[in-house]
$ cat query.cif   # mmCIF, C-alpha atoms and all ligand atoms
data_data
#
loop_
_atom_site.label_atom_id
_atom_site.label_comp_id
_atom_site.auth_asym_id
_atom_site.auth_seq_id
_atom_site.Cartn_x
_atom_site.Cartn_y
_atom_site.Cartn_z
CA GLN M 1 -35.10 -21.62 24.53
CA VAL M 2 -37.63 -19.00 25.49
CA SER M 3 -36.96 -15.71 23.75
CA ARG M 4 -39.31 -13.15 25.17
CA ASN M 5 -38.17 -9.89 23.79
CA PHE M 6 -40.68 -7.66 25.24
CA SER M 7 -43.62 -7.93 27.53
CA VAL M 8 -45.98 -5.74 29.46
CA LYS M 9 -48.28 -6.86 32.22
CA ASP M 10 -51.01 -4.80 33.76
CA SER M 11 -49.18 -1.56 33.44
CA LYS M 12 -50.63 1.81 34.14
CA THR M 13 -49.43 5.24 33.29
CA ARG M 14 -50.79 8.59 34.29
CA PHE M 15 -50.42 12.09 32.98
CA ALA M 16 -49.56 14.55 35.73
CA LYS M 17 -50.59 17.54 33.62
CA PRO M 18 -52.90 19.14 32.92
CA ARG M 19 -54.91 16.75 35.05
CA ILE M 20 -54.82 13.20 36.24
CA LEU M 21 -55.87 11.02 33.40
CA ARG M 22 -55.90 7.29 33.21
CA ALA M 23 -54.55 6.87 29.73
CA VAL M 24 -53.30 3.34 29.74
CA ASN M 25 -54.25 0.61 32.12
CA GLN M 26 -54.89 -3.12 32.29
CA ILE M 27 -52.45 -3.65 29.51
CA SER M 28 -51.11 -7.09 28.85
CA LEU M 29 -48.99 -7.43 25.76
CA GLU M 30 -46.15 -9.52 24.57
CA LEU M 31 -44.04 -9.08 21.51
CA ASN M 32 -41.22 -11.30 20.27
CA ALA M 33 -38.42 -10.94 17.75
CA GLY M 34 -39.61 -11.26 14.16
CA GLN M 35 -43.17 -10.38 15.08
CA THR M 36 -45.36 -7.40 14.27
CA LEU M 37 -48.09 -6.35 16.66
CA GLY M 38 -50.68 -3.84 15.50
CA LEU M 39 -52.17 -1.45 18.03
CA VAL M 40 -55.43 0.04 16.80
CA GLY M 41 -58.18 2.32 18.07
CA GLU M 42 -59.62 5.78 17.53
CA SER M 43 -57.42 8.82 18.09
CA GLY M 44 -57.13 9.74 21.75
CA CYS M 45 -57.54 6.16 22.99
CA GLY M 46 -54.01 6.05 24.41
CA LYS M 47 -52.05 4.30 21.64
CA SER M 48 -49.21 6.81 21.49
CA THR M 49 -49.08 7.05 25.28
CA LEU M 50 -48.73 3.30 25.53
CA ALA M 51 -45.94 3.36 22.94
CA ARG M 52 -44.00 6.00 24.85
CA MET M 53 -44.48 4.10 28.07
CA LEU M 54 -43.21 0.91 26.47
CA ILE M 55 -39.93 2.44 25.39
CA GLY M 56 -39.38 4.26 28.66
CA LEU M 57 -40.16 7.78 27.50
CA LEU M 58 -43.09 7.94 29.89
CA PRO M 59 -43.09 6.28 33.28
CA ALA M 60 -45.49 3.43 33.96
CA SER M 61 -46.94 4.10 37.40
CA SER M 62 -47.60 0.45 38.15
CA GLY M 63 -47.28 -2.96 36.59
CA GLU M 64 -44.27 -4.47 34.98
CA ILE M 65 -42.68 -3.73 31.65
CA THR M 66 -39.73 -5.76 30.61
CA PHE M 67 -37.54 -5.61 27.57
CA ALA M 68 -35.45 -8.64 26.74
CA GLY M 69 -36.13 -9.86 30.25
CA GLN M 70 -34.92 -6.64 31.90
CA PRO M 71 -37.22 -4.07 33.47
CA ILE M 72 -37.56 -0.89 31.44
CA GLN M 73 -35.14 1.62 32.88
CA ALA M 74 -36.52 4.80 34.34
CA LYS M 75 -33.23 6.37 35.35
CA ARG M 76 -31.31 8.07 32.58
CA ASN M 77 -28.04 6.27 33.21
CA ALA M 78 -25.73 4.24 30.96
CA HIS M 79 -28.02 1.22 31.19
CA TRP M 80 -30.96 3.37 30.09
CA ARG M 81 -28.96 4.59 27.09
CA ALA M 82 -28.10 1.04 26.08
CA GLN M 83 -31.71 -0.05 26.46
CA ARG M 84 -32.97 2.91 24.45
CA ARG M 85 -30.61 1.93 21.64
CA ASP M 86 -32.46 -1.38 21.40
CA MET M 87 -35.85 0.33 21.19
CA GLN M 88 -36.22 2.83 18.40
CA MET M 89 -39.24 4.81 17.29
CA VAL M 90 -40.54 6.02 13.94
CA TYR M 91 -42.95 8.89 14.38
CA GLN M 92 -45.83 10.14 12.30
CA ASP M 93 -44.19 13.39 11.18
CA PRO M 94 -40.72 12.82 9.70
CA LEU M 95 -39.96 16.53 9.36
CA ALA M 96 -40.43 17.05 13.08
CA ALA M 97 -38.31 13.99 13.83
CA LEU M 98 -35.33 15.32 11.85
CA ASP M 99 -32.97 18.19 12.63
CA ARG M 100 -33.47 20.66 9.82
CA ARG M 101 -29.89 21.97 10.15
CA LEU M 102 -28.30 18.56 9.52
CA LYS M 103 -27.51 17.00 6.17
CA ILE M 104 -29.12 13.62 5.50
CA VAL M 105 -25.92 11.66 6.07
CA ASP M 106 -25.38 13.42 9.41
CA GLN M 107 -28.97 12.74 10.52
CA VAL M 108 -28.22 9.04 10.36
CA LEU M 109 -24.66 9.31 11.66
CA GLU M 110 -25.66 11.39 14.69
CA PRO M 111 -27.12 8.59 16.89
CA LEU M 112 -23.87 6.61 16.48
CA VAL M 113 -21.82 9.64 17.48
CA ILE M 114 -24.05 10.35 20.47
CA GLN M 115 -23.86 6.74 21.57
CA ASN M 116 -20.11 6.73 20.87
CA LEU M 117 -20.35 3.47 18.92
CA GLY M 118 -17.24 2.43 17.02
CA ASP M 119 -14.65 4.55 15.23
CA ARG M 120 -15.43 7.05 12.49
CA ALA M 121 -14.97 4.58 9.64
CA THR M 122 -17.27 2.04 11.29
CA GLN M 123 -19.87 4.73 11.93
CA LEU M 124 -19.77 5.88 8.31
CA ALA M 125 -20.04 2.33 7.01
CA ALA M 126 -23.07 1.69 9.25
CA THR M 127 -24.65 4.96 8.10
CA HIS M 128 -24.23 4.06 4.44
CA GLU M 129 -25.61 0.60 5.05
CA ALA M 130 -28.68 1.98 6.84
CA LEU M 131 -29.37 4.58 4.15
CA GLU M 132 -28.93 2.00 1.42
CA SER M 133 -31.33 -0.38 3.16
CA VAL M 134 -34.10 2.22 2.98
CA GLY M 135 -33.36 3.15 -0.62
CA ILE M 136 -31.73 6.53 -0.06
CA GLY M 137 -28.90 6.98 -2.58
CA GLU M 138 -25.62 8.85 -2.09
CA ASP M 139 -26.90 11.70 -4.28
CA LEU M 140 -29.13 12.71 -1.35
CA TYR M 141 -26.51 12.54 1.40
CA GLY M 142 -25.66 16.23 1.20
CA ARG M 143 -29.27 17.44 1.12
CA TYR M 144 -31.28 18.85 4.01
CA PRO M 145 -34.63 17.47 5.22
CA HIS M 146 -36.69 20.22 3.58
CA GLU M 147 -35.16 19.32 0.20
CA LEU M 148 -36.61 15.80 0.36
CA SER M 149 -40.10 14.49 -0.27
CA GLY M 150 -42.21 13.28 2.66
CA GLY M 151 -41.57 9.66 1.71
CA GLN M 152 -37.81 10.21 1.46
CA ARG M 153 -37.81 11.93 4.83
CA GLN M 154 -39.60 9.02 6.46
CA ARG M 155 -37.01 6.67 4.92
CA VAL M 156 -34.27 8.78 6.52
CA VAL M 157 -36.07 8.56 9.89
CA MET M 158 -36.17 4.78 9.44
CA ALA M 159 -32.44 4.70 8.62
CA ARG M 160 -31.73 6.80 11.69
CA ALA M 161 -33.61 4.26 13.82
CA LEU M 162 -32.11 1.20 12.13
CA VAL M 163 -28.50 2.40 12.22
CA LEU M 164 -28.49 1.57 15.94
CA LYS M 165 -29.50 -2.03 15.17
CA PRO M 166 -32.52 -2.00 17.48
CA ARG M 167 -34.41 -5.13 18.50
CA LEU M 168 -37.72 -3.32 18.78
CA LEU M 169 -39.08 -0.77 16.33
CA VAL M 170 -42.12 1.22 17.44
CA CYS M 171 -43.90 2.86 14.52
CA ASP M 172 -46.53 5.43 15.49
CA GLU M 173 -48.77 6.08 12.49
CA PRO M 174 -45.67 6.03 10.26
CA VAL M 175 -47.45 6.75 6.98
CA SER M 176 -50.54 8.72 7.94
CA ALA M 177 -48.80 12.04 7.17
CA LEU M 178 -47.66 10.80 3.74
CA ASP M 179 -49.34 11.01 0.36
CA LEU M 180 -51.59 8.05 -0.29
CA SER M 181 -49.58 7.18 -3.41
CA ILE M 182 -46.39 6.51 -1.46
CA GLN M 183 -47.88 4.96 1.68
CA ALA M 184 -47.77 1.44 0.25
CA GLN M 185 -44.08 1.76 -0.69
CA VAL M 186 -43.10 2.85 2.79
CA ILE M 187 -45.25 0.18 4.43
CA ASN M 188 -43.79 -2.55 2.25
CA LEU M 189 -40.27 -1.32 2.99
CA LEU M 190 -40.97 -1.34 6.72
CA SER M 191 -42.38 -4.84 6.48
CA ASP M 192 -39.34 -6.08 4.50
CA LEU M 193 -36.90 -4.52 6.97
CA GLN M 194 -38.81 -5.99 9.90
CA LYS M 195 -38.52 -9.47 8.39
CA SER M 196 -34.92 -9.26 7.16
CA ARG M 197 -33.69 -7.83 10.48
CA ASN M 198 -35.92 -10.05 12.62
CA LEU M 199 -37.24 -6.99 14.42
CA ALA M 200 -40.01 -6.97 16.94
CA MET M 201 -42.32 -4.27 15.61
CA LEU M 202 -45.13 -2.44 17.36
CA PHE M 203 -47.20 -0.84 14.65
CA ILE M 204 -49.64 1.82 15.76
CA SER M 205 -52.31 2.66 13.24
CA HIS M 206 -55.93 3.52 12.76
CA ASP M 207 -55.77 1.99 9.29
CA LEU M 208 -57.10 -1.55 9.57
CA ARG M 209 -56.21 -2.32 5.98
CA ILE M 210 -52.51 -1.76 6.68
CA VAL M 211 -52.72 -3.64 9.96
CA ARG M 212 -54.24 -6.65 8.23
CA HIS M 213 -51.52 -6.46 5.60
CA ILE M 214 -48.45 -6.43 7.85
CA CYS M 215 -49.34 -7.46 11.40
CA ASP M 216 -49.24 -10.94 12.89
CA ASP M 217 -51.26 -9.91 15.91
CA VAL M 218 -53.50 -7.03 16.76
CA ALA M 219 -54.53 -5.34 20.00
CA VAL M 220 -57.58 -3.05 19.99
CA MET M 221 -57.60 -0.16 22.47
CA TYR M 222 -60.54 1.73 23.83
CA LEU M 223 -60.06 4.50 26.40
CA GLY M 224 -56.70 3.24 27.58
CA LYS M 225 -57.57 -0.44 27.77
CA ILE M 226 -56.94 -3.26 25.40
CA ILE M 227 -60.38 -4.71 24.84
CA GLU M 228 -59.56 -7.38 22.27
CA GLN M 229 -56.32 -8.97 21.11
CA GLY M 230 -55.00 -11.95 19.20
CA PRO M 231 -54.11 -13.02 15.66
CA ALA M 232 -54.80 -10.18 13.21
CA GLU M 233 -56.46 -12.37 10.62
CA LYS M 234 -58.87 -13.81 13.19
CA ILE M 235 -59.81 -10.54 14.85
CA LEU M 236 -60.26 -8.59 11.65
CA SER M 237 -62.47 -11.27 10.12
CA GLU M 238 -64.31 -12.47 13.23
CA PRO M 239 -64.23 -9.68 15.79
CA ALA M 240 -65.68 -10.64 19.16
CA HIS M 241 -65.91 -7.19 20.75
CA PRO M 242 -68.72 -4.88 19.54
CA TYR M 243 -66.24 -1.99 19.34
CA THR M 244 -63.87 -3.94 17.08
CA ALA M 245 -66.85 -5.00 14.97
CA ALA M 246 -67.91 -1.35 14.66
CA LEU M 247 -64.42 -0.23 13.62
CA ILE M 248 -64.29 -2.90 10.94
CA SER M 249 -67.81 -2.25 9.78
CA ALA M 250 -67.16 1.50 9.52
CA VAL M 251 -64.29 0.98 7.10
CA SER M 252 -66.04 -1.69 5.06
CA HIS M 253 -68.52 0.93 3.95
CA PRO M 254 -67.37 3.86 1.86
CA SER M 255 -69.77 6.21 3.65
CA GLY M 256 -68.20 5.27 6.96
CA ALA M 257 -64.60 5.59 5.81
CA ARG M 258 -64.19 8.82 7.70
CA GLY M 259 -65.52 8.79 11.22
CA THR M 260 -65.72 11.72 13.54
CA ASN M 261 -62.94 10.39 15.74
CA GLY M 262 -60.19 9.76 13.27
CA THR M 263 -59.86 8.41 9.80
CA LEU M 264 -60.10 4.73 9.25
CA GLY M 265 -58.89 3.03 6.10
CA ALA M 266 -60.56 0.14 4.32
CA THR M 267 -60.09 -3.36 5.72
CA GLY M 268 -59.90 -4.98 2.33
CA ALA M 269 -62.64 -7.32 3.48
CA THR M 270 -64.24 -9.12 0.59
CA GLU M 271 -67.67 -9.56 2.11
CA PRO M 272 -69.75 -6.50 2.72
CA ARG M 273 -70.99 -6.23 6.28
CA LYS M 274 -73.98 -4.55 7.78
CA ARG M 275 -72.70 -1.26 9.05
CA ILE M 276 -72.78 -0.94 12.82
CA LEU M 277 -73.38 2.64 13.85
CA LEU M 278 -71.62 3.88 16.92
CA THR M 279 -74.07 5.87 18.97
CA GLY M 280 -73.47 8.16 21.92
CA GLU M 281 -70.57 10.41 22.79
CA PRO M 282 -67.11 9.90 21.32
CA PRO M 283 -64.56 8.64 23.85
CA ASN M 284 -63.37 11.14 26.43
CA PRO M 285 -60.36 9.93 28.39
CA ILE M 286 -61.05 12.48 31.14
CA ASP M 287 -64.43 11.01 31.94
CA VAL M 288 -64.36 7.25 31.50
CA PRO M 289 -67.83 5.64 31.82
CA THR M 290 -68.43 3.13 34.61
CA GLY M 291 -68.67 -0.61 33.99
CA CYS M 292 -67.67 -1.32 30.42
CA ALA M 293 -66.26 1.99 29.16
CA PHE M 294 -67.83 1.32 25.77
CA HIS M 295 -71.38 0.86 27.12
CA PRO M 296 -72.77 4.31 26.14
CA ARG M 297 -71.99 3.56 22.49
CA CYS M 298 -72.50 -0.19 22.42
CA PRO M 299 -75.30 -1.60 20.21
CA SER M 300 -75.28 -4.85 22.23
CA MET M 301 -75.26 -3.39 25.75
CA LEU M 302 -76.61 -5.56 28.59
CA ALA M 303 -77.92 -4.22 31.92
CA ARG M 304 -74.78 -5.27 33.81
CA CYS M 305 -72.51 -3.45 31.34
CA LYS M 306 -73.24 -0.12 33.07
CA THR M 307 -71.86 -1.23 36.41
CA GLU M 308 -69.68 -4.31 35.94
CA THR M 309 -66.33 -4.01 34.25
CA PRO M 310 -65.81 -6.98 31.92
CA ILE M 311 -62.60 -8.90 32.45
CA LYS M 312 -60.57 -10.31 29.60
CA THR M 313 -61.42 -13.88 28.70
CA MET M 314 -59.90 -16.31 26.23
CA LEU M 315 -62.10 -17.37 23.35
CA ASP M 316 -60.00 -19.87 21.50
CA GLY M 317 -56.33 -20.17 20.79
CA ARG M 318 -54.80 -16.77 21.47
CA HIS M 319 -57.92 -14.66 20.97
CA ALA M 320 -58.85 -12.63 24.06
CA VAL M 321 -61.74 -10.22 24.60
CA ALA M 322 -63.12 -8.11 27.44
CA CYS M 323 -66.89 -8.08 26.98
CA HIS M 324 -69.83 -9.47 28.96
CA LEU M 325 -71.22 -11.08 25.82
CA HIS M 326 -68.35 -13.55 26.12
CA GLN M 327 -68.46 -14.00 29.86
CA GLY M 328 -68.91 -17.77 29.60
CA SER M 329 -65.42 -18.19 28.22
CA ALA M 330 -62.39 -19.02 30.34
CA PRO M 331 -61.13 -16.08 32.40
CA LEU M 332 -57.86 -14.75 31.15
CA VAL M 333 -54.84 -14.95 33.35
CA TYR M 334 -52.17 -14.07 30.85
CA VAL M 335 -52.31 -13.75 27.08
CA PRO M 336 -49.23 -14.88 25.22
CA LEU M 337 -49.33 -13.12 21.88
CA ALA M 338 -46.85 -15.43 20.27
CA THR M 339 -45.61 -18.94 20.69
CA ASP M 340 -42.16 -19.06 22.22
CA SER M 341 -39.50 -20.25 19.87
FE1 LIG Z 1 -71.08 -3.86 24.88
FE2 LIG Z 1 -71.44 -4.81 27.33
FE3 LIG Z 1 -69.64 -5.94 25.73
FE4 LIG Z 1 -69.22 -3.53 26.76
S1 LIG Z 1 -69.38 -5.44 27.89
S2 LIG Z 1 -68.87 -4.14 24.68
S3 LIG Z 1 -71.28 -2.65 26.74
S4 LIG Z 1 -71.86 -5.88 25.42
MG MG Z 2 -51.43 9.13 18.49
#

$ encode --input "query.cif" --output "structure tokens" --more "lines below"
Ligand code: SF4
Ligand code: MG
Amino acid sequence: QVSRNFSVKDSKTRFAKPRILRAVNQISLELNAGQTLGLVGESGCGKSTLARMLIGLLPASSGEITFAGQPIQAKRNAHWRAQRRDMQMVYQDPLAALDRRLKIVDQVLEPLVIQNLGDRATQLAATHEALESVGIGEDLYGRYPHELSGGQRQRVVMARALVLKPRLLVCDEPVSALDLSIQAQVINLLSDLQKSRNLAMLFISHDLRIVRHICDDVAVMYLGKIIEQGPAEKILSEPAHPYTAALISAVSHPSGARGTNGTLGATGATEPRKRILLTGEPPNPIDVPTGCAFHPRCPSMLARCKTETPIKTMLDGRHAVACHLHQGSAPLVYVPLATDS
């Protein structure tokens, strides 16, 4: 039986303010239960916008986004509420995601009350279960967000998302605001919860080391487009797109660990690579270059790259890339990111 939890095909979204901006287009993604998809790229490339579009917080102006076979609801009706319950988000800044006037136990209880799910005893039992699953003990139930550490707060945010028993968890840079020393704990917890609850997880990160650690698949974004996607292991060890290669190469070298357009973590790659320097202007989503949007910075640019937009092609298996260097490969019609089970 086909179990497509979540898919997006050629969707576009636009910001109305402060100006028209093509933030996300030509997107084709699919995510199934029990699977983690990493979405990577420099800051400003449209990762967060895509995430908000996927869970219906931003409208997609064209294309099709479905969740569990149903179109993403735009109208804020009862159906929308039910759909939103299935799609929960963990944000970068846990303090901003929590209500500073609510005790920890009430932070997690609140979504159940708002959604009017079950009686009081059932709600409390679910709250305790969610807090226990993220390692928050009863001694912290009566505390307020500012009395907790950053790591504890992010655990509470996770409990608040999980208490609704979502099918999809979208994590937008969930540990980048946390101390390095506790990032691994939170990542491992997220990964364990994803597996034990069979969640579909969209994991947005600029840290390729974390992505390699927890993601089954990866999609690389550049100026609102996914330019390479497929199995994480394959793409992070044998990138086909010059931009992906540059991202990986930048983090394989200590001197390149901090780029000008966002911090990139180490890949954990064992073999040192020759560092590929990105030349030219950093990406500006207001003024997208013609042809291949990456051409002004590409070390492998061909003449046609300035005028012809590369289309996504399949390399082998599930590995897709949009780059003229790979133009001989089969044109891509649709990229399944996971085998149906
Ligand atoms: Fe570079 Fe051309 Fe490929 Fe774009 S299409 S990444 S400019 S080689
Ligand atoms: Mg972002």

$ closest_residue --input "query.cif" --among "M:Val211, M:Val108, M:Ile114, M:Ala177" --to "M:Val134" --atoms "only C-alpha atoms"
M:Val108

$ residues_near_ligand --input "query.cif" --ligand "ligand MG 2 (chain Z)" --cutoff "7 Å" --atoms "all atoms listed in the file" --output "count of residues only"
5

$ atom_distance --input "query.cif" --atom1 "atom CA of M:Asp217" --atom2 "atom CA of M:Ser205"
12.9 Å

$ closest_residue --input "query.cif" --among "M:Lys312, M:Arg318, M:His213, M:Arg143" --to "ligand LIG 1 (chain Z)" --atoms "all atoms listed in the file"
M:Lys312

$ atom_distance --input "query.cif" --atom1 "atom S2 of ligand LIG 1 (chain Z)" --atom2 "atom CA of M:Asp287"
17.4 Å

$ residues_near_point --input "query.cif" --point "(-35.4, 3.9, 4.1)" --cutoff "9 Å" --atoms "all atoms listed in the file" --output "VMD selection string"
chain M and resid 130 to 136 151 to 160 186 189 to 190

$ residues_near_ligand --input "query.cif" --ligand "ligand LIG 1 (chain Z)" --cutoff "8 Å" --atoms "all atoms listed in the file" --output "mmCIF file with C-alpha atoms, keeping the file's coordinate frame"
data_model
loop_
_atom_site.group_PDB
_atom_site.id
_atom_site.type_symbol
_atom_site.label_atom_id
_atom_site.label_comp_id
_atom_site.auth_asym_id
_atom_site.auth_seq_id
_atom_site.Cartn_x
_atom_site.Cartn_y
_atom_site.Cartn_z
ATOM 1 C CA HIS M 241 -65.910 -7.190 20.750
ATOM 2 C CA PRO M 242 -68.720 -4.880 19.540
ATOM 3 C CA TYR M 243 -66.240 -1.990 19.340
ATOM 4 C CA GLY M 291 -68.670 -0.610 33.990
ATOM 5 C CA CYS M 292 -67.670 -1.320 30.420
ATOM 6 C CA ALA M 293 -66.260 1.990 29.160
ATOM 7 C CA PHE M 294 -67.830 1.320 25.770
ATOM 8 C CA HIS M 295 -71.380 0.860 27.120
ATOM 9 C CA PRO M 296 -72.770 4.310 26.140
ATOM 10 C CA ARG M 297 -71.990 3.560 22.490
ATOM 11 C CA CYS M 298 -72.500 -0.190 22.420
ATOM 12 C CA PRO M 299 -75.300 -1.600 20.210
ATOM 13 C CA SER M 300 -75.280 -4.850 22.230
ATOM 14 C CA MET M 301 -75.260 -3.390 25.750
ATOM 15 C CA LEU M 302 -76.610 -5.560 28.590
ATOM 16 C CA ALA M 303 -77.920 -4.220 31.920
ATOM 17 C CA ARG M 304 -74.780 -5.270 33.810
ATOM 18 C CA CYS M 305 -72.510 -3.450 31.340
ATOM 19 C CA LYS M 306 -73.240 -0.120 33.070
ATOM 20 C CA THR M 309 -66.330 -4.010 34.250
ATOM 21 C CA PRO M 310 -65.810 -6.980 31.920
ATOM 22 C CA ALA M 322 -63.120 -8.110 27.440
ATOM 23 C CA CYS M 323 -66.890 -8.080 26.980
ATOM 24 C CA HIS M 324 -69.830 -9.470 28.960
ATOM 25 C CA LEU M 325 -71.220 -11.080 25.820
ATOM 26 C CA HIS M 326 -68.350 -13.550 26.120
#

$ closest_residue --input "query.cif" --among "M:Leu124, M:Thr290, M:Lys234, M:Ala245" --to "M:Asp316" --atoms "all atoms listed in the file"
M:Lys234

$ closest_residue --input "query.cif" --among "M:His146, M:Arg209, M:Arg85, M:Lys225" --to "M:Arg167" --atoms "all atoms listed in the file"
M:Arg85

$ residues_around --input "query.cif" --residues "M:Ala184" --least-positions-apart "3" --cutoff "12 Å" --atoms "only C-alpha atoms" --output "PyMOL selection string"
chain M and resi 151+174-176+178-181+187-191+209-210+213-214
